[in-house]
Structures are given as C-alpha cells and as structure tokens.
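The file query_17.txt contains compact mmCIF, C-alpha atoms:
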# COMPACT_ATOMS: atom_id res chain seq x y z
CA MET A 294 -33.55 204.06 -63.59
CA THR A 295 -31.01 201.33 -62.58
CA ARG A 296 -28.64 202.32 -59.86
CA MET A 297 -25.01 202.63 -60.94
CA PHE A 298 -23.52 200.99 -57.91
CA ASP A 299 -25.83 198.21 -56.91
CA PRO A 300 -24.35 196.54 -53.80
CA ALA A 301 -25.39 193.12 -55.00
CA VAL A 302 -23.58 193.59 -58.29
CA ALA A 303 -20.50 194.92 -56.49
CA THR A 304 -20.52 191.95 -54.17
CA LEU A 305 -20.85 189.55 -57.11
CA CYS A 306 -18.02 191.24 -58.94
CA SER A 307 -15.82 191.09 -55.86
CA ALA A 308 -16.63 187.43 -55.46
CA LEU A 309 -15.83 186.72 -59.08
CA ILE A 310 -12.57 188.64 -58.86
CA ALA A 311 -11.65 186.85 -55.65
CA ALA A 312 -12.48 183.51 -57.21
CA GLY A 313 -10.42 184.37 -60.27
CA VAL A 314 -7.47 185.44 -58.15
CA SER A 315 -7.83 182.28 -56.07
CA PHE A 316 -7.98 180.15 -59.20
CA ILE A 317 -4.96 181.88 -60.69
CA SER A 318 -3.10 181.55 -57.39
CA MET A 319 -4.04 177.87 -57.30
CA LEU A 320 -2.77 177.39 -60.84
CA PHE A 321 0.42 179.28 -60.02
CA ASN A 322 0.96 177.19 -56.90
CA PHE A 323 0.25 174.02 -58.88
CA PHE A 324 2.76 174.87 -61.58
CA THR A 325 5.23 176.13 -58.99
CA ASN A 326 4.90 172.95 -56.94
CA SER A 327 5.11 170.80 -60.07
CA LYS A 328 8.25 172.60 -61.15
CA SER A 329 9.71 172.33 -57.64
CA GLU A 330 8.90 168.61 -57.57
CA LYS A 331 10.52 168.17 -60.97
CA ILE A 332 13.59 170.03 -59.76
CA ARG A 333 13.66 167.89 -56.61
CA LEU A 334 13.38 164.70 -58.64
CA ASP A 335 16.12 165.91 -60.98
CA LEU A 336 18.32 166.71 -58.00
CA ASP A 337 17.63 163.29 -56.48
CA GLU A 338 18.47 161.63 -59.78
CA ASN A 339 21.64 163.69 -60.11
CA ASN A 340 22.60 162.83 -56.54
CA MET A 341 22.07 159.16 -57.27
CA ILE A 342 24.24 159.46 -60.38
CA ILE A 343 26.89 161.32 -58.40
CA ARG A 344 26.82 158.73 -55.62
CA HIS A 345 27.02 155.90 -58.14
CA PHE A 346 29.86 157.60 -60.00
CA SER A 347 31.64 158.27 -56.72
CA ALA A 348 31.22 154.62 -55.67
CA VAL A 349 32.47 153.39 -59.05
CA THR A 350 35.37 155.84 -58.94
CA ASN A 351 36.32 154.84 -55.40
CA GLU A 352 36.10 151.17 -56.35
CA GLN A 353 38.26 151.77 -59.40
CA ILE A 354 40.79 153.75 -57.36
CA THR A 355 40.88 150.99 -54.74
CA ARG A 356 41.29 148.33 -57.42
CA GLU A 357 44.07 150.24 -59.14
CA PHE A 358 45.76 150.89 -55.82
CA ASN A 359 45.60 147.20 -54.97
CA ASP A 360 46.99 146.36 -58.41
CA ILE A 361 49.88 148.76 -57.83
CA LYS A 362 50.57 147.25 -54.40
CA LYS A 363 50.45 143.78 -55.92
CA GLN A 364 52.89 144.81 -58.65
CA GLU A 365 55.19 146.35 -56.05
CA LEU A 366 55.14 143.16 -53.99
CA GLU A 367 55.73 141.03 -57.08
CA ARG A 368 58.56 143.33 -58.13
CA ALA A 369 60.08 143.11 -54.65
CA ASP A 370 59.81 139.32 -54.75
CA ARG A 371 61.42 139.28 -58.18
CA TRP A 372 64.30 141.47 -57.00
CA GLN A 373 64.86 139.20 -54.00
CA PHE A 374 64.82 136.17 -56.28
CA ALA A 375 67.16 137.96 -58.68
CA THR A 376 69.60 138.54 -55.81
CA VAL A 377 69.55 134.83 -55.02
CA LEU A 378 70.09 133.93 -58.67
CA LEU A 379 72.97 136.40 -58.97
CA LYS A 380 74.74 134.61 -56.13
CA ARG A 381 73.92 131.33 -57.83
CA HIS A 382 75.33 132.70 -61.10
CA ASP A 383 78.56 133.73 -59.34
CA GLY A 384 78.92 130.21 -57.92
CA LEU A 385 78.25 128.66 -61.31
CA ARG A 386 80.80 130.96 -62.97
CA GLU A 387 83.47 130.09 -60.40
CA ALA A 388 82.82 126.35 -60.77
CA ILE A 389 83.01 126.54 -64.56
CA ALA A 390 86.17 128.66 -64.43
CA GLU A 391 87.96 126.11 -62.25
CA LEU A 392 86.70 123.16 -64.28
CA LEU A 393 87.90 124.76 -67.53
CA THR A 394 91.25 125.54 -65.96
CA ILE A 395 91.71 121.90 -64.98
CA LEU A 396 90.69 120.81 -68.48
CA ASP A 397 93.03 123.26 -70.22
CA GLN A 398 96.00 122.28 -68.05
CA ASN A 399 95.49 118.57 -68.58
CA TYR A 400 93.86 118.33 -72.01
CA ASP A 401 96.75 116.44 -73.64
CA CYS A 402 98.04 114.74 -70.50
CA ASP A 403 98.93 111.09 -71.24
CA LYS A 404 98.81 109.88 -67.63
CA PRO A 405 96.27 110.05 -64.80
CA VAL A 406 96.17 113.32 -62.87
CA LYS A 407 96.75 113.53 -59.14
CA ASP A 408 93.91 112.45 -56.91
CA GLU A 409 93.36 115.93 -55.49
CA ILE A 410 92.98 117.37 -59.01
CA LEU A 411 90.53 114.63 -59.97
CA GLU A 412 88.50 115.14 -56.80
CA ARG A 413 88.43 118.88 -57.41
CA PHE A 414 87.20 118.29 -60.95
CA ARG A 415 84.48 115.94 -59.73
CA LEU A 416 83.35 118.49 -57.15
CA GLN A 417 82.99 121.24 -59.75
CA LYS A 418 81.34 118.84 -62.22
CA ASN A 419 78.73 117.84 -59.66
CA MET A 420 78.11 121.47 -58.72
CA ILE A 421 77.56 122.43 -62.35
CA SER A 422 75.24 119.46 -62.91
CA LEU A 423 72.97 120.75 -60.13
CA TYR A 424 72.53 124.13 -61.79
CA PHE A 425 70.32 122.94 -64.63
CA PRO A 426 67.59 120.30 -65.11
CA PRO A 427 68.99 116.81 -65.81
CA ARG A 428 66.69 116.28 -68.80
CA GLY A 429 66.90 117.76 -72.24
CA PRO A 430 69.48 117.72 -75.04
CA PHE A 431 71.64 120.46 -73.54
CA ALA A 432 71.94 118.83 -70.11
CA GLU A 433 72.55 115.42 -71.61
CA GLU A 434 75.30 116.66 -73.91
CA LEU A 435 77.07 118.74 -71.24
CA ASN A 436 76.95 115.89 -68.70
CA ILE A 437 78.30 113.43 -71.29
CA GLN A 438 81.15 115.79 -72.13
CA MET A 439 82.03 116.25 -68.45
CA ALA A 440 81.95 112.47 -67.99
CA HIS A 441 84.40 112.04 -70.90
CA ILE A 442 86.71 114.63 -69.35
CA GLU A 443 86.57 112.84 -66.00
CA VAL A 444 87.48 109.52 -67.66
CA SER A 445 90.36 111.19 -69.49
CA LEU A 446 91.72 112.74 -66.29
CA SER A 447 91.40 109.50 -64.31
CA THR A 448 92.89 107.16 -66.96
CA GLY A 449 95.35 109.43 -68.74
CA LYS A 450 93.80 108.64 -72.10
CA LYS A 451 93.82 111.78 -74.23
CA LEU A 452 90.54 113.23 -75.37
CA SER A 453 92.15 113.88 -78.74
CA ASP A 454 92.53 110.11 -79.19
CA ASN A 455 88.76 109.65 -79.39
CA PHE A 456 87.33 113.03 -80.32
CA SER A 457 87.81 115.54 -83.06
CA SER A 458 90.00 118.50 -82.23
CA HIS A 459 87.04 120.74 -81.48
CA PHE A 460 85.99 118.85 -78.31
CA GLY A 461 87.51 121.52 -76.06
CA ALA A 462 85.91 124.33 -78.06
CA ALA A 463 82.49 122.66 -77.94
CA PHE A 464 82.75 122.16 -74.19
CA HIS A 465 83.82 125.79 -73.66
CA MET A 466 80.88 127.03 -75.73
CA ASN A 467 78.39 124.90 -73.78
CA CYS A 468 79.74 126.28 -70.50
CA TRP A 469 79.36 129.85 -71.76
CA SER A 470 75.87 129.08 -73.09
CA LEU A 471 74.84 127.85 -69.66
CA LEU A 472 76.19 131.01 -68.03
CA ASN A 473 74.45 133.24 -70.58
CA ALA A 474 71.13 131.39 -70.21
CA GLU A 475 71.26 131.77 -66.44
CA PHE A 476 72.11 135.47 -66.73
CA ASP A 477 69.27 136.05 -69.23
CA ARG A 478 66.84 134.51 -66.76
CA ILE A 479 68.01 136.96 -64.09
CA MET A 480 67.48 139.90 -66.45
CA LYS A 481 63.92 138.75 -67.13
CA LEU A 482 63.09 139.05 -63.45
CA ILE A 483 62.78 142.81 -63.72
CA GLU A 484 60.17 142.49 -66.46
CA PRO A 485 56.63 141.88 -65.11
CA GLU A 486 54.66 138.87 -66.28
CA THR A 487 57.68 137.34 -67.91
CA ASN A 488 58.41 133.64 -67.89
CA ILE A 489 61.62 133.21 -65.89
CA GLN A 490 62.16 129.56 -66.72
CA LEU A 491 65.72 128.66 -67.62
CA ASP A 492 65.83 128.35 -71.42
CA LEU A 493 68.83 126.31 -72.46
CA PRO A 494 70.03 126.55 -76.06
CA LYS A 495 70.86 123.80 -78.48
CA PRO A 496 74.16 122.29 -77.30
CA TYR A 497 77.47 122.21 -79.12
CA LYS A 498 78.31 118.55 -79.67
CA ALA A 499 81.71 116.91 -79.67
CA THR A 500 82.03 114.20 -82.33
CA TYR A 501 84.09 111.04 -82.26
CA LYS A 502 86.76 110.60 -84.85
CA HIS A 503 85.38 107.23 -85.94
CA GLY A 504 81.69 108.03 -85.69
CA ARG A 505 81.30 106.37 -82.27
CA ARG A 506 79.26 107.84 -79.45
Full structure transcribed into structure tokens:
Amino acid sequence: MTRMFDPAVATLCSALIAAGVSFISMLFNFFTNSKSEKIRLDLDENNMIIRHFSAVTNEQITREFNDIKKQELERADRWQFATVLLKRHDGLREAIAELLTILDQNYDCDKPVKDEILERFRLQKNMISLYFPPRGPFAEELNIQMAHIEVSLSTGKKLSDNFSSHFGAAFHMNCWSLLNAEFDRIMKLIEPETNIQLDLPKPYKATYKHGRR
C-alpha cells in the first residue's frame, strides 16, 4: 500500500509550489516594473513638453513685453515730436496771420509801402517758405503768389491790375490748406505705424486777367 504522505512527494510539491510562486512573483515584478518604466517615460515626456511649453511661453511673454516697450518708446518719441510740431504750427500760424494782415491792409494800395512793412512781409514770407518742401505744385504756387504780393507791395502796382479778383481768396485758401496739412500731420503722430509725411493738397491758383503767367 502506497503511503499517503510520502516525504519525497511532499518535497516535490513544495518545490513546484515555490517555483510557481516565484514565477508568478517574477511575472508580477516584470509587469510592475514595465508599468513603472512606462509611467516614468510618460512623466519624462510630459516634463519635456511642460519645459518646452514653459520656454515657448516665456519667450512669447518676453517678446510681447519687448514689443510693448518698443511701442511705448515709439509713442513717447512721437509725442515729443508732436510737441515740437505744435510749436512749429504756432509759429507758422503767427507768420501767416501777419502776412495776411499786411496783404489785406495794402491789397489795393497804389504806391509802395513803407520799408519796415515790406521788410516785415519778406521776413514772414521767408519763414513760411521754410515750413514746407520747395518742390511740388503746392509749394511752387504758394511761393509764386507770395512773390507777386511782394512785387505789388514794393512797386505799388495793384494785384487787381494783373490778376482776377479772386487772387486774395486763392492765397488765403492756400495759407489755410498749409496750416490744416501741418495740423493733420501732428494728429497722425498719435497713431502707430502711420506715415507722418506732410501731405500738401492741390493748390488754389490765381489766374491772370489776360491769360499771362
């Protein structure tokens, strides 16, 4: 009769059980380690993404901050330039006002004006001429009109003898156009990326009675 509890069989069973437990433990450790490694790799990848995103974000913030500082500096420069142009505009307005006053008071004078009046007119004329570029139809027309006024004041020959009656009106309108153009340029200074070049309009022309120029 075979013994129920043979020590050799018990030992073999224990060995098999131990081997099975060891194998299962090994498999568990393998899967656990694999999962841990996968989690570690995922964390490393996420950290890389976070670091990259943080670097990109910081770079973008720095770039935007620098853009803001640049805009602030440009705006400050524009305001400083606008202040200069406002003073220039005041000087231009005063020169035009005095020149027009001299013209209005002596428009139909039939004799030469006093030397001090003529010199004052020439001073204002020269000041106005320096406020805008010498080239272009507007500058040419306005300078020609001022030259005709100077000749009339110095010789006593009436402007109405050579020009149509609207000479004075045309000259007034050109003076106001120059003032408005200069003021519009100042207003553009507060608008970023705006061309602040002086844009002069088409001039008002004074015509001769007999078609001469």
Can you measure CA of Leu452 (chain A) to CA of Asn399 (chain A) for me? One decimal in Å is fine.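 That distance, rounded to one decimal, is 10.0 Å.
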Smallest atom-to-atom distance to Lys495 (chain A): which of A:Cys468, A:Thr448, A:Phe431, A:Arg478, using only C-alpha atoms?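 Between A:Cys468, A:Thr448, A:Phe431, A:Arg478, the residue approaching Lys495 (chain A) most closely is A:Phe431.
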Residue with smallest distance to Asn455 (chain A) - pool A:Met341, A:Ile442, A:Ala375, A:Ile479, counting all atoms listed in the file: A:Ile442
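Between Glu391 (chain A) and the candidates A:Val406, A:Leu378, A:Val444, A:Leu411, the tightest atom-to-atom separation, counting all atoms listed in the file, involves A:Leu411.
Distances from A:Leu493, A:Ala462, A:Trp372, A:Asp401 to Asp477 (chain A) were compared using only C-alpha atoms, and the smallest one belongs to A:Leu493.
Coordinates place CA of Lys450 (chain A) at a distance of 24.2 Å from CA of Ala432 (chain A).
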Straight-line distance linking CA of Ser422 (chain A) with CA of Leu392 (chain A), stated in Å to one decimal: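 These two atoms are separated by 12.1 Å.
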Kindly extract all protein, DNA and RNA residues lying within 12 Å of the coordinates (83.7, 113.6, -72.3) given in the file, considering only C-alpha atoms, and supply them as a PyMOL selection string. chain A and resi 396+400+418+433-447+450-457+460-461+463-464+498-501+506
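When all atoms listed in the file are used to compute distances to Leu385 (chain A), the closest of the residues A:Gln417, A:Pro430, A:Ser470, A:Lys502 turns out to be A:Gln417.
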Pick out the residues sitting within 8 Å of His382 (chain A), and hand them over as a short mmCIF file (atom, residue, chain, number, x, y, z; two decimals) with C-alpha atoms, keeping the file's coordinate frame; count all atoms listed in the file, and ignore anything fewer than 2 positions along from it in its own chain.
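Result went into out-v1.cif, see below:
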data_model
loop_
_atom_site.label_atom_id
_atom_site.label_comp_id
_atom_site.auth_asym_id
_atom_site.auth_seq_id
_atom_site.Cartn_x
_atom_site.Cartn_y
_atom_site.Cartn_z
CA LEU A 378 70.09 133.93 -58.67
CA LEU A 379 72.97 136.40 -58.97
CA LYS A 380 74.74 134.61 -56.13
CA GLY A 384 78.92 130.21 -57.92
CA LEU A 385 78.25 128.66 -61.31
CA ARG A 386 80.80 130.96 -62.97
CA LEU A 472 76.19 131.01 -68.03
CA GLU A 475 71.26 131.77 -66.44
CA PHE A 476 72.11 135.47 -66.73
#
With all atoms listed in the file as the basis for distance, which of A:His459, A:Ile421, A:Arg371, A:Thr394 is at the shortest distance from Leu471 (chain A)?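 Closest to Leu471 (chain A), using all atoms listed in the file: A:Ile421.
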